[in-house]
>>> print(open('protein.txt').read())   # compact mmCIF, C-alpha atoms
# COMPACT_ATOMS: atom_id res chain seq x y z
CA MET V 8 -2.23 -76.24 40.13
CA ASP V 9 -5.48 -74.32 40.05
CA VAL V 10 -6.09 -72.49 36.78
CA SER V 11 -9.02 -70.44 37.99
CA PRO V 12 -8.42 -66.68 37.55
CA LEU V 13 -11.03 -65.97 40.21
CA ARG V 14 -9.50 -68.31 42.78
CA ASP V 15 -8.34 -65.42 44.99
CA ILE V 16 -11.76 -63.81 45.24
CA ALA V 17 -13.92 -64.47 48.25
CA PRO V 18 -17.38 -66.17 48.23
CA PHE V 19 -20.65 -65.99 49.99
CA SER V 20 -21.27 -66.30 53.44
CA THR V 21 -24.44 -67.15 55.13
CA GLU V 22 -23.16 -64.69 57.74
CA ARG V 23 -23.23 -61.54 55.66
CA ARG V 24 -21.79 -58.45 57.32
CA ALA V 25 -24.49 -55.94 58.12
CA MET V 26 -24.44 -52.84 55.95
CA ARG V 27 -23.07 -49.85 57.86
CA VAL V 28 -24.58 -46.45 57.10
CA LEU V 29 -23.13 -43.11 58.20
CA LEU V 30 -25.81 -40.42 58.63
CA VAL V 31 -24.82 -36.76 58.75
CA ASP V 32 -27.21 -33.92 59.63
CA ASP V 33 -26.63 -30.88 61.83
CA ASN V 34 -30.18 -31.31 63.18
CA GLU V 35 -29.70 -33.90 65.92
CA SER V 36 -33.35 -34.91 66.17
CA MET V 37 -33.59 -35.31 62.39
CA VAL V 38 -30.47 -37.48 62.07
CA GLU V 39 -31.59 -39.70 64.95
CA LEU V 40 -35.03 -40.01 63.34
CA SER V 41 -33.43 -41.04 60.06
CA ALA V 42 -31.34 -43.68 61.83
CA THR V 43 -34.40 -45.04 63.65
CA PHE V 44 -36.40 -45.37 60.44
CA LEU V 45 -33.54 -47.00 58.52
CA GLU V 46 -33.04 -49.57 61.28
CA ARG V 47 -36.79 -50.21 61.27
CA GLU V 48 -37.01 -50.60 57.48
CA LEU V 49 -33.85 -52.68 56.96
CA ASP V 50 -33.06 -55.90 58.78
CA ASP V 51 -29.30 -55.87 58.27
CA VAL V 52 -28.25 -52.28 58.88
CA GLU V 53 -26.07 -50.58 61.49
CA THR V 54 -26.13 -46.79 61.66
CA GLU V 55 -23.79 -44.15 63.01
CA THR V 56 -24.98 -40.55 63.34
CA TYR V 57 -23.05 -37.27 63.25
CA THR V 58 -24.18 -33.67 63.50
CA ASP V 59 -20.74 -32.34 62.54
CA PRO V 60 -19.73 -33.12 58.93
CA VAL V 61 -16.05 -32.54 59.68
CA SER V 62 -16.09 -35.18 62.42
CA ALA V 63 -18.05 -37.48 60.11
CA LEU V 64 -15.40 -37.08 57.41
CA ASP V 65 -12.73 -38.25 59.86
CA GLU V 66 -14.75 -41.47 60.33
CA LEU V 67 -14.86 -42.21 56.61
CA THR V 68 -11.90 -44.54 56.45
CA ASP V 69 -11.78 -47.11 53.66
CA GLY V 70 -14.03 -50.06 54.45
CA ALA V 71 -15.59 -48.57 57.59
CA TYR V 72 -18.98 -47.82 56.02
CA ASP V 73 -21.07 -48.98 53.07
CA CYS V 74 -23.05 -45.79 52.44
CA VAL V 75 -23.30 -42.13 53.49
CA VAL V 76 -26.64 -40.34 53.89
CA SER V 77 -26.05 -36.63 54.31
CA ASP V 78 -28.06 -33.45 54.65
CA TYR V 79 -27.14 -30.61 52.30
CA ASP V 80 -27.38 -27.35 54.27
CA MET V 81 -24.93 -27.63 57.20
CA PRO V 82 -22.50 -25.17 58.78
CA VAL V 83 -18.76 -25.30 58.00
CA MET V 84 -19.21 -27.96 55.33
CA ASP V 85 -22.33 -28.67 53.26
CA GLY V 86 -23.29 -32.10 51.96
CA LEU V 87 -21.68 -31.66 48.54
CA GLU V 88 -18.45 -30.42 50.11
CA LEU V 89 -18.49 -33.52 52.31
CA LEU V 90 -18.90 -35.69 49.20
CA THR V 91 -16.03 -33.94 47.42
CA ALA V 92 -13.74 -34.29 50.44
CA ALA V 93 -14.59 -37.98 50.77
CA ARG V 94 -13.88 -38.65 47.09
CA GLU V 95 -10.56 -36.80 47.36
CA ARG V 96 -9.62 -39.26 50.13
CA GLY V 97 -10.43 -42.19 47.86
CA ILE V 98 -13.71 -43.10 49.56
CA GLU V 99 -15.94 -44.38 46.75
CA ILE V 100 -18.91 -45.77 48.69
CA PRO V 101 -22.45 -44.70 47.67
CA PHE V 102 -23.47 -41.20 48.76
CA VAL V 103 -27.11 -40.13 49.21
CA LEU V 104 -27.98 -36.45 49.54
CA PHE V 105 -31.08 -36.38 51.79
CA THR V 106 -31.96 -32.75 52.04
CA GLY V 107 -34.77 -30.59 53.31
CA LYS V 108 -33.64 -27.71 51.13
CA GLY V 109 -34.56 -28.92 47.67
CA SER V 110 -34.32 -26.93 44.48
CA GLU V 111 -33.47 -27.51 40.84
CA GLU V 112 -30.16 -25.74 41.42
CA ILE V 113 -29.20 -28.05 44.30
CA ALA V 114 -30.35 -31.10 42.37
CA SER V 115 -28.23 -30.02 39.38
CA ARG V 116 -25.20 -29.41 41.59
CA ALA V 117 -25.72 -32.77 43.28
CA ILE V 118 -25.76 -34.61 39.97
CA SER V 119 -22.68 -32.72 38.77
CA ALA V 120 -20.86 -33.54 42.01
CA GLY V 121 -21.58 -37.25 41.52
CA VAL V 122 -24.07 -38.11 44.26
CA ASP V 123 -25.53 -41.57 43.79
CA GLU V 124 -29.04 -40.55 44.86
CA TYR V 125 -30.78 -37.25 45.58
CA LEU V 126 -33.86 -37.32 47.83
CA GLN V 127 -35.77 -34.47 49.39
CA LYS V 128 -36.97 -34.82 52.97
CA GLY V 129 -40.68 -34.98 53.66
CA GLY V 130 -42.85 -36.92 56.06
CA PRO V 131 -42.45 -40.52 57.31
CA GLU V 132 -43.46 -41.78 53.86
CA GLU V 133 -40.03 -40.78 52.55
CA TYR V 134 -38.12 -43.16 54.80
CA PRO V 135 -39.10 -46.42 53.05
CA VAL V 136 -37.94 -44.78 49.82
CA LEU V 137 -34.66 -43.80 51.47
CA ALA V 138 -34.19 -47.29 52.89
CA ASN V 139 -34.83 -48.89 49.49
CA LYS V 140 -32.34 -46.59 47.77
CA VAL V 141 -29.67 -47.26 50.41
CA SER V 142 -30.17 -51.03 50.20
CA ASN V 143 -30.02 -51.09 46.39
CA LEU V 144 -26.96 -48.85 46.25
CA VAL V 145 -25.05 -50.94 48.81
CA GLU V 146 -25.88 -54.24 47.08
CA LYS V 147 -24.85 -52.89 43.70
CA HIS V 148 -21.64 -51.41 45.10
CA ARG V 149 -20.74 -54.71 46.79
CA ALA V 150 -21.41 -56.67 43.61
CA GLU V 151 -19.33 -54.31 41.47
CA THR V 152 -16.53 -54.42 44.05
CA HIS V 153 -16.43 -58.20 43.78
CA MET V 154 -16.41 -57.96 40.00
CA ARG V 155 -13.45 -55.59 40.14
CA ARG V 156 -11.68 -58.06 42.39
CA GLY V 157 -12.30 -60.70 39.78
CA PHE V 158 -10.81 -58.57 37.03
CA LEU V 159 -7.82 -57.72 39.22
CA ALA V 160 -7.37 -61.43 39.86
CA ILE V 161 -7.26 -61.99 36.09
CA GLU V 162 -4.72 -59.21 35.70
CA SER V 163 -2.45 -60.50 38.45
CA ALA V 164 -2.99 -64.24 37.95
CA GLU V 165 0.07 -66.47 37.71
CA GLU V 166 -1.54 -68.23 34.76
CA GLY V 167 -1.34 -66.60 31.35
CA ILE V 168 -4.76 -65.30 30.30
CA GLY V 169 -5.36 -63.85 26.86
CA ILE V 170 -8.27 -62.77 24.63
CA ILE V 171 -8.03 -63.22 20.86
CA ASP V 172 -10.56 -61.75 18.40
CA GLY V 173 -12.17 -63.45 15.42
CA ASP V 174 -9.19 -62.55 13.22
CA GLY V 175 -6.75 -64.25 15.57
CA VAL V 176 -5.37 -60.97 16.94
CA TYR V 177 -4.60 -60.43 20.64
CA GLN V 178 -6.97 -57.88 22.18
CA TYR V 179 -5.93 -58.51 25.78
CA LEU V 180 -3.38 -60.55 27.72
CA ASN V 181 -1.99 -60.31 31.22
CA GLU V 182 1.68 -59.97 32.11
CA ALA V 183 2.00 -63.67 32.91
CA TYR V 184 0.88 -64.59 29.39
CA ALA V 185 3.49 -62.39 27.71
CA ALA V 186 6.26 -63.37 30.15
CA LEU V 187 5.82 -67.05 29.28
CA TYR V 188 7.12 -66.26 25.80
CA GLY V 189 9.82 -63.82 26.95
CA ARG V 190 7.91 -60.80 25.68
CA ASP V 191 6.30 -57.62 26.92
CA ARG V 192 2.54 -57.63 26.47
CA ALA V 193 2.60 -54.25 24.70
CA GLU V 194 4.40 -55.86 21.78
CA LEU V 195 1.78 -58.64 21.51
CA ILE V 196 -1.44 -56.60 21.66
CA GLY V 197 -2.57 -56.25 18.05
CA GLU V 198 -0.41 -59.17 16.85
CA HIS V 199 -1.68 -62.48 15.46
CA TRP V 200 -1.37 -65.47 17.80
CA ASP V 201 0.86 -67.37 15.34
CA VAL V 202 3.86 -65.17 16.26
CA LEU V 203 4.11 -67.30 19.42
CA TYR V 204 4.27 -70.69 17.65
CA PRO V 205 6.71 -72.49 15.33
CA ASP V 206 5.48 -73.01 11.77
CA ASP V 207 4.64 -76.69 12.21
CA GLU V 208 2.73 -76.03 15.45
CA ALA V 209 0.83 -73.11 13.86
CA ARG V 210 -0.13 -75.50 11.05
CA ARG V 211 -1.43 -77.97 13.66
CA PHE V 212 -3.56 -75.23 15.17
CA HIS V 213 -5.11 -74.40 11.79
CA GLU V 214 -5.68 -78.00 10.74
CA GLU V 215 -6.65 -79.67 14.04
CA ILE V 216 -7.08 -77.47 17.09
CA LEU V 217 -9.06 -74.53 15.71
CA PRO V 218 -11.57 -76.73 13.79
CA GLN V 219 -12.20 -78.65 17.03
CA LEU V 220 -12.57 -75.37 18.93
CA GLU V 221 -15.10 -74.17 16.37
CA ALA V 222 -17.07 -77.42 16.46
CA GLU V 223 -17.10 -78.02 20.21
CA GLY V 224 -16.68 -74.56 21.70
CA SER V 225 -13.55 -75.42 23.68
CA TRP V 226 -10.21 -77.18 23.39
CA ARG V 227 -7.66 -78.20 26.00
CA GLY V 228 -4.37 -79.99 25.61
CA ILE V 229 -0.62 -79.76 25.16
CA SER V 230 1.01 -77.44 22.65
CA THR V 231 4.43 -75.91 22.03
CA GLY V 232 5.05 -72.18 21.86
CA VAL V 233 8.25 -70.28 21.17
CA THR V 234 9.91 -67.41 23.04
CA LYS V 235 11.19 -64.22 21.48
CA ALA V 236 14.69 -65.75 21.68
CA GLY V 237 13.55 -68.85 19.78
CA GLU V 238 13.35 -71.27 22.71
CA LEU V 239 10.52 -73.81 22.67
CA VAL V 240 7.91 -73.59 25.45
CA PRO V 241 5.98 -76.81 26.22
CA GLU V 242 2.61 -75.62 27.51
CA ARG V 243 -0.79 -76.71 28.66
CA LEU V 244 -3.40 -74.66 26.85
CA VAL V 245 -7.14 -74.16 27.35
CA LEU V 246 -9.17 -72.38 24.65
CA THR V 247 -12.81 -71.31 24.88
CA ARG V 248 -14.65 -69.92 21.89
CA MET V 249 -16.61 -66.66 22.21
CA ASP V 250 -19.69 -65.57 20.30
CA ASP V 251 -17.77 -63.08 18.15
CA GLY V 252 -15.53 -65.82 16.73
CA GLY V 253 -12.62 -65.05 19.03
CA HIS V 254 -11.54 -67.10 21.99
CA VAL V 255 -10.16 -66.93 25.51
CA CYS V 256 -6.81 -68.61 26.21
CA ILE V 257 -5.37 -69.84 29.49
CA VAL V 258 -1.81 -71.11 29.28
CA GLN V 259 0.74 -72.65 31.65
CA GLU V 260 4.29 -73.75 31.02
CA LEU V 261 4.77 -77.49 31.56
CA THR V 262 7.81 -77.34 33.82
CA GLU V 263 6.54 -80.33 35.82
CA VAL V 264 3.81 -82.20 34.00
CA ASP V 265 3.04 -84.39 37.01
CA ALA V 266 2.37 -81.27 39.08
CA LEU V 267 -0.35 -80.15 36.66
CA ARG V 268 -3.87 -81.47 36.76
CA ALA V 269 -4.80 -83.87 34.00
CA GLU V 270 -7.78 -81.73 33.17
CA VAL V 271 -7.90 -77.99 33.61
CA GLU V 272 -11.27 -76.59 34.55
CA MET V 273 -12.00 -73.60 32.39
CA LYS V 274 -14.81 -71.16 32.91
CA ASP V 275 -15.79 -68.36 30.57
CA ARG V 276 -14.79 -65.52 32.89
CA VAL V 277 -13.73 -62.58 30.82
CA LEU V 278 -14.11 -58.84 30.83
CA ASP V 279 -17.41 -57.20 30.10
CA ALA V 280 -15.84 -55.58 27.06
CA VAL V 281 -15.51 -58.88 25.19
CA GLY V 282 -19.24 -59.52 25.33
CA VAL V 283 -19.62 -62.33 27.87
CA ALA V 284 -22.93 -61.98 29.71
CA ILE V 285 -22.42 -61.70 33.48
CA VAL V 286 -24.81 -61.69 36.44
CA VAL V 287 -24.08 -61.51 40.15
CA ILE V 288 -26.44 -63.47 42.41
CA ASP V 289 -26.93 -62.90 46.13
CA PRO V 290 -27.56 -66.24 47.89
CA SER V 291 -28.12 -64.61 51.27
CA LYS V 292 -31.51 -63.30 50.11
CA PRO V 293 -34.65 -65.33 49.48
CA ASP V 294 -34.78 -66.94 46.02
CA ASN V 295 -31.17 -65.99 45.14
CA PRO V 296 -31.92 -62.69 43.32
CA VAL V 297 -29.71 -61.04 40.70
CA VAL V 298 -28.07 -57.91 42.13
CA TYR V 299 -26.01 -56.99 39.07
CA CYS V 300 -25.92 -57.72 35.35
CA ASN V 301 -23.69 -56.30 32.64
CA GLU V 302 -24.59 -54.90 29.24
CA ALA V 303 -23.68 -58.14 27.50
CA PHE V 304 -26.36 -59.93 29.54
CA GLU V 305 -28.90 -57.32 28.50
CA ALA V 306 -27.90 -57.81 24.87
CA LEU V 307 -28.04 -61.61 25.09
CA THR V 308 -31.42 -61.82 26.81
CA GLY V 309 -33.20 -58.65 25.73
CA TYR V 310 -33.92 -57.75 29.37
CA ASP V 311 -32.60 -54.47 30.76
CA ALA V 312 -31.02 -54.29 34.21
CA ALA V 313 -34.17 -52.89 35.82
CA ALA V 314 -36.12 -55.95 34.67
CA VAL V 315 -33.44 -58.36 35.88
CA GLU V 316 -32.12 -57.13 39.22
CA GLY V 317 -34.02 -58.47 42.21
CA ARG V 318 -35.28 -61.52 40.31
CA ASN V 319 -34.23 -65.16 40.31
CA CYS V 320 -32.64 -66.23 37.02
CA GLY V 321 -35.53 -68.65 36.57
CA PHE V 322 -37.22 -65.97 34.46
CA LEU V 323 -35.01 -67.27 31.62
CA HIS V 324 -36.70 -70.70 31.78
CA GLY V 325 -39.44 -71.82 29.43
CA PRO V 326 -41.29 -74.85 28.03
CA GLU V 327 -38.16 -76.60 26.73
CA THR V 328 -35.97 -75.95 29.77
CA ASP V 329 -34.82 -79.27 31.21
CA PRO V 330 -36.04 -79.56 34.83
CA GLU V 331 -33.21 -81.96 35.71
CA THR V 332 -30.61 -79.40 34.62
CA VAL V 333 -32.42 -76.74 36.65
CA ALA V 334 -32.36 -79.04 39.69
CA GLU V 335 -28.61 -79.66 39.26
CA ILE V 336 -27.92 -75.93 39.08
CA ARG V 337 -30.03 -75.22 42.16
CA SER V 338 -28.33 -78.03 44.05
CA ALA V 339 -24.87 -76.62 43.26
CA ILE V 340 -25.92 -73.13 44.37
CA ASP V 341 -27.41 -74.50 47.59
CA ALA V 342 -24.08 -76.26 48.23
CA GLY V 343 -22.03 -73.15 47.37
CA GLU V 344 -20.29 -75.01 44.55
CA PRO V 345 -19.39 -74.04 40.97
CA ILE V 346 -21.26 -75.62 38.07
CA SER V 347 -21.21 -75.59 34.27
CA ALA V 348 -24.20 -76.58 32.17
CA GLU V 349 -25.95 -76.06 28.86
CA ILE V 350 -29.59 -75.18 29.33
CA ARG V 351 -32.41 -74.09 27.07
CA SER V 352 -33.16 -70.46 27.92
CA TYR V 353 -35.60 -67.87 26.60
CA ASP V 354 -35.01 -64.21 25.83
CA ALA V 355 -37.38 -61.32 26.50
CA ASP V 356 -39.24 -62.01 23.24
CA GLY V 357 -39.81 -65.63 24.20
CA GLU V 358 -37.26 -66.91 21.67
CA PRO V 359 -35.30 -69.98 22.87
CA PHE V 360 -31.52 -70.31 22.74
CA TRP V 361 -28.98 -72.76 24.10
CA ASN V 362 -27.24 -71.11 27.02
CA HIS V 363 -23.75 -72.24 28.04
CA LEU V 364 -23.80 -71.36 31.73
CA ASP V 365 -20.86 -71.21 34.16
CA ILE V 366 -21.61 -70.35 37.81
CA GLN V 367 -18.76 -69.57 40.18
CA PRO V 368 -19.00 -68.92 43.94
CA VAL V 369 -17.18 -65.78 45.08
CA ARG V 370 -15.88 -65.63 48.62
CA ASP V 371 -14.64 -62.90 50.90
CA ASP V 372 -11.26 -62.64 52.60
CA GLU V 373 -12.42 -65.01 55.32
CA ASP V 374 -13.59 -67.61 52.78
CA ALA V 375 -17.25 -66.92 53.47
CA LEU V 376 -19.71 -67.11 50.58
CA ASP V 377 -20.70 -63.63 49.35
CA PHE V 378 -22.06 -63.98 45.83
CA PHE V 379 -22.30 -66.22 42.79
CA ILE V 380 -21.11 -64.92 39.44
CA GLY V 381 -22.89 -66.42 36.44
CA PHE V 382 -21.32 -66.33 32.97
CA HIS V 383 -23.81 -66.83 30.12
CA ARG V 384 -23.10 -67.27 26.42
CA ALA V 385 -25.17 -68.55 23.53
CA ALA V 386 -24.07 -72.07 22.60
CA ASP V 387 -24.44 -73.92 19.30
CA ARG V 388 -26.34 -77.21 19.39
CA ASP V 389 -26.92 -79.52 16.41
CA GLY V 390 -30.45 -79.03 15.24
CA ALA V 391 -31.04 -76.08 17.54
CA ASP V 392 -31.09 -72.39 16.87
CA SER V 393 -28.40 -70.27 18.47
CA THR V 394 -28.23 -66.56 19.09
>>> encode(input="protein.txt", output="C-alpha cells")
Amino acid sequence: MDVSPLRDIAPFSTERRAMRVLLVDDNESMVELSATFLERELDDVETETYTDPVSALDELTDGAYDCVVSDYDMPVMDGLELLTAARERGIEIPFVLFTGKGSEEIASRAISAGVDEYLQKGGPEEYPVLANKVSNLVEKHRAETHMRRGFLAIESAEEGIGIIDGDGVYQYLNEAYAALYGRDRAELIGEHWDVLYPDDEARRFHEEILPQLEAEGSWRGISTGVTKAGELVPERLVLTRMDDGGHVCIVQELTEVDALRAEVEMKDRVLDAVGVAIVVIDPSKPDNPVVYCNEAFEALTGYDAAAVEGRNCGFLHGPETDPETVAEIRSAIDAGEPISAEIRSYDADGEPFWNHLDIQPVRDDEDALDFFIGFHRAADRDGADST
C-alpha cells in the first residue's frame, strides 16, 4: 500500500501543454497585433482573439485557457466587468488588463477588482513586457494549482495524516486519521496525542519512540492505538520531526500486515502553515528553474521569492556542499524520480546549514511529468550547526 499523500497528483511531462491565452479587444487590428507579438515572444503559446467581450466570456470555460489579456474600454462590457463576470463563474485564471486608456482611477479600480497585472498600451516595446508578465503569471498559477492538488490529496487521502505541535497537541488531521480511532476530527484538534493511546503505549512513546524521533528526526514502526469505544487499533506509524518541535504523523491500521510494505516511505510534505519550506521546480525549462516558493522557504534561506524564482536551486550550494550528493539529486531529477538527501546548503548570508531535502515528482492526469516539489527543512547533524 502506498503511503504517499501526493500519489494522486500528476507529474511532469516533457510534452507540456502550450499555454492558451484569450485576448479581448474591440479593436480588431489591435487584438490581432497583440496575438502576433505574443506568439513571436513566447515559444509555447496559443492565442484566441475576440472583439466582443460577451462572446469571449462564453469561451471562458474551466480549463479552456490559462490567461486572459483584455482591453479596458469596450462597448457593452468593459475589461473589469469581464473580469468580474469571469470570477462569478468560478474562472480563476490570471487576468491582465492591457489598456490604452490609462489613468490612476482605472489603475485603482483594476487593483480593487483583482486584476493580476495592469499594463498600459504603448509601442512595440510594450509587447515583450506583456509576454513576460503572461508567462510568469501562467507558470505561477500552474504551480499553485498543483500545490492545491497536493493539499487536497492530503485532505482526502485514505491514510491518516496528522500534524502535532511541540506540546504534543493536534493542530491538523484529516478525516481518515480521526476515523481510524472512531472519532470526529473536530474533537481531536487541540487535544494531546496521548488520548489515542493506552497508558502503557503512551509510556512507550515517552520513553522510547519520542527520544528516538528527537535524536534521528524520524521514527517508523508498529504501535497500538485505542478507539473512542476502547477497542485496540494495531497500526503502522510514521513520524517525522519538524523544526518547531512538533511532528507529522502518517498512520495505517494493520488489518493485513502482509499487505503493508515493510518500510513506509515518508516525505516531509505538509502545509505551508506548519513551516516546511517548499519550492516547485519546472523541469521542462532549461536548468530546472524554481517557479514557486513559499514563505517558509524564504524564512529558511533568507532569499525572497523574487530572488529565487527563475533560478536553479544550485544557488544554495557552497564550498562544503558534497558534489556526489548534488550529482545524485540531479540524476534523480533527470530520471523523473523522487529522492531524499541531506546536503550542506547556504543561506542568503552565506551561513551553512544541513538541509534535509525531499524531492517529489508531480504528474498530471495523464501521468506526464509537470513539476517537481522540493521540501526543505533544517536538519541536525552531530558537530554541525543547524538553523
>>> atom_distance(input="protein.txt", atom1="CA of Ala120 in chain V", atom2="CA of Pro135 in chain V")
24.9 Å
>>> residues_near_point(input="protein.txt", point="(-18.9, -60.5, 45.2)", cutoff="6 Å", atoms="only C-alpha atoms", output="PyMOL selection string")
chain V and resi 150+153+369+377-378
>>> closest_residue(input="protein.txt", among="V:Trp226, V:Ile336, V:Gly309, V:Cys320", to="Ala355 in chain V", atoms="all atoms listed in the file")
V:Gly309
>>> atom_distance(input="protein.txt", atom1="CA of Ala312 in chain V", atom2="CA of Val297 in chain V")
9.5 Å
>>> residues_near_point(input="protein.txt", point="(-16.1, -24.1, 61.1)", cutoff="10 Å", atoms="all atoms listed in the file", output="list in words")
Asp59, Pro60, Val61, Pro82, Val83 and Met84 of chain V
>>> residues_around(input="protein.txt", residues="Glu194 in chain V", least_positions_apart="3", cutoff="12 Å", atoms="all atoms listed in the file", output="list in words")
Tyr177, Gln178, Tyr179, Leu180, Glu182, Ala185, Ala186, Tyr188, Gly189, Arg190, Asp191, Gly197, Glu198, His199, Trp200, Val202, Leu203 and Lys235 of chain V
>>> atom_distance(input="protein.txt", atom1="CA of Val176 in chain V", atom2="CA of Val255 in chain V")
11.5 Å
>>> residues_around(input="protein.txt", residues="Pro205 in chain V", least_positions_apart="5", cutoff="8 Å", atoms="only C-alpha atoms", output="compact mmCIF listing (two decimals) with C-alpha atoms, in the coordinates of the input")
# COMPACT_ATOMS: atom_id res chain seq x y z
CA THR V 231 4.43 -75.91 22.03
CA GLY V 232 5.05 -72.18 21.86
CA VAL V 233 8.25 -70.28 21.17
>>> closest_atom_pairs(input="protein.txt", of="range 77-169 of chain V", to="range 242-246 of chain V", cutoff="12 Å", atoms="only C-alpha atoms", output="CSV")
residue,atom,partner,partner_atom,distance
V:Glu166,CA,V:Leu244,CA,10.4
V:Gly167,CA,V:Leu244,CA,9.5
V:Ile168,CA,V:Val245,CA,9.6
V:Gly169,CA,V:Leu246,CA,9.6
>>> closest_residue(input="protein.txt", among="V:Pro101, V:Pro345, V:Gly121, V:Gly325", to="Trp361 in chain V", atoms="all atoms listed in the file")
V:Gly325
>>> residues_around(input="protein.txt", residues="Tyr125 in chain V", least_positions_apart="5", cutoff="10 Å", atoms="only C-alpha atoms", output="list in words")
Val76, Ser77, Phe102, Val103, Leu104, Phe105, Thr106, Gly109, Ile113, Ala114, Ser115, Ala117, Ile118, Leu137 and Lys140 of chain V
>>> residues_around(input="protein.txt", residues="His363 in chain V", least_positions_apart="4", cutoff="12 Å", atoms="only C-alpha atoms", output="MDAnalysis selection string")
chainID V and resid 223:225 247:250 274:275 283:285 307 332 346:352 381:388 393:394
>>> residues_around(input="protein.txt", residues="range 27-33 of chain V", least_positions_apart="3", cutoff="8 Å", atoms="only C-alpha atoms", output="list in words")
Met37, Val38, Ser41, Ala42, Val52, Glu53, Thr54, Glu55, Thr56, Tyr57, Thr58, Asp59, Pro60, Ala63, Ala71, Tyr72, Asp73, Cys74, Val75, Val76, Ser77, Asp78, Met81 and Pro82 of chain V
>>> closest_residue(input="protein.txt", among="V:Asp354, V:Ser291, V:Arg318, V:Phe44", to="Glu305 in chain V", atoms="only C-alpha atoms")
V:Asp354
>>> decode(input="protein.txt", residues="range 43-57 of chain V", atoms="N, CA, C and O atoms", output="mmCIF file, in the first residue's frame")
data_model
loop_
_atom_site.group_PDB
_atom_site.id
_atom_site.type_symbol
_atom_site.label_atom_id
_atom_site.label_comp_id
_atom_site.auth_asym_id
_atom_site.auth_seq_id
_atom_site.Cartn_x
_atom_site.Cartn_y
_atom_site.Cartn_z
ATOM 1 N N THR V 43 -0.152 38.383 -32.418
ATOM 2 C CA THR V 43 1.054 38.158 -33.233
ATOM 3 C C THR V 43 2.314 38.334 -32.394
ATOM 4 O O THR V 43 3.242 37.515 -32.443
ATOM 5 N N PHE V 44 2.354 39.405 -31.602
ATOM 6 C CA PHE V 44 3.533 39.657 -30.787
ATOM 7 C C PHE V 44 3.708 38.602 -29.695
ATOM 8 O O PHE V 44 4.831 38.180 -29.400
ATOM 9 N N LEU V 45 2.604 38.175 -29.069
ATOM 10 C CA LEU V 45 2.724 37.149 -28.031
ATOM 11 C C LEU V 45 3.266 35.851 -28.619
ATOM 12 O O LEU V 45 4.119 35.184 -28.020
ATOM 13 N N GLU V 46 2.757 35.471 -29.776
ATOM 14 C CA GLU V 46 3.228 34.237 -30.417
ATOM 15 C C GLU V 46 4.681 34.364 -30.864
ATOM 16 O O GLU V 46 5.408 33.365 -30.924
ATOM 17 N N ARG V 47 5.111 35.585 -31.148
ATOM 18 C CA ARG V 47 6.501 35.803 -31.537
ATOM 19 C C ARG V 47 7.414 35.756 -30.307
ATOM 20 O O ARG V 47 8.526 35.230 -30.375
ATOM 21 N N GLU V 48 6.948 36.305 -29.190
ATOM 22 C CA GLU V 48 7.777 36.395 -27.992
ATOM 23 C C GLU V 48 7.832 35.089 -27.205
ATOM 24 O O GLU V 48 8.829 34.795 -26.534
ATOM 25 N N LEU V 49 6.757 34.286 -27.267
ATOM 26 C CA LEU V 49 6.676 33.064 -26.460
ATOM 27 C C LEU V 49 6.654 31.841 -27.365
ATOM 28 O O LEU V 49 5.914 31.790 -28.335
ATOM 29 N N ASP V 50 7.452 30.850 -27.010
ATOM 30 C CA ASP V 50 7.554 29.656 -27.847
ATOM 31 C C ASP V 50 6.364 28.720 -27.689
ATOM 32 O O ASP V 50 6.016 27.980 -28.598
ATOM 33 N N ASP V 51 5.749 28.717 -26.510
ATOM 34 C CA ASP V 51 4.740 27.703 -26.208
ATOM 35 C C ASP V 51 3.377 28.322 -25.939
ATOM 36 O O ASP V 51 2.715 28.017 -24.959
ATOM 37 N N VAL V 52 2.943 29.216 -26.811
ATOM 38 C CA VAL V 52 1.670 29.892 -26.585
ATOM 39 C C VAL V 52 0.724 29.681 -27.762
ATOM 40 O O VAL V 52 1.154 29.621 -28.921
ATOM 41 N N GLU V 53 -0.545 29.527 -27.447
ATOM 42 C CA GLU V 53 -1.616 29.520 -28.449
ATOM 43 C C GLU V 53 -2.575 30.636 -28.077
ATOM 44 O O GLU V 53 -2.940 30.785 -26.905
ATOM 45 N N THR V 54 -2.980 31.430 -29.041
ATOM 46 C CA THR V 54 -3.850 32.567 -28.748
ATOM 47 C C THR V 54 -5.199 32.423 -29.446
ATOM 48 O O THR V 54 -5.315 31.801 -30.498
ATOM 49 N N GLU V 55 -6.189 33.020 -28.818
ATOM 50 C CA GLU V 55 -7.527 33.122 -29.405
ATOM 51 C C GLU V 55 -7.958 34.568 -29.214
ATOM 52 O O GLU V 55 -7.822 35.127 -28.119
ATOM 53 N N THR V 56 -8.471 35.201 -30.269
ATOM 54 C CA THR V 56 -8.815 36.616 -30.193
ATOM 55 C C THR V 56 -10.321 36.829 -30.322
ATOM 56 O O THR V 56 -10.992 36.139 -31.083
ATOM 57 N N TYR V 57 -10.815 37.819 -29.580
ATOM 58 C CA TYR V 57 -12.223 38.203 -29.625
ATOM 59 C C TYR V 57 -12.325 39.714 -29.581
ATOM 60 O O TYR V 57 -11.602 40.383 -28.828
#
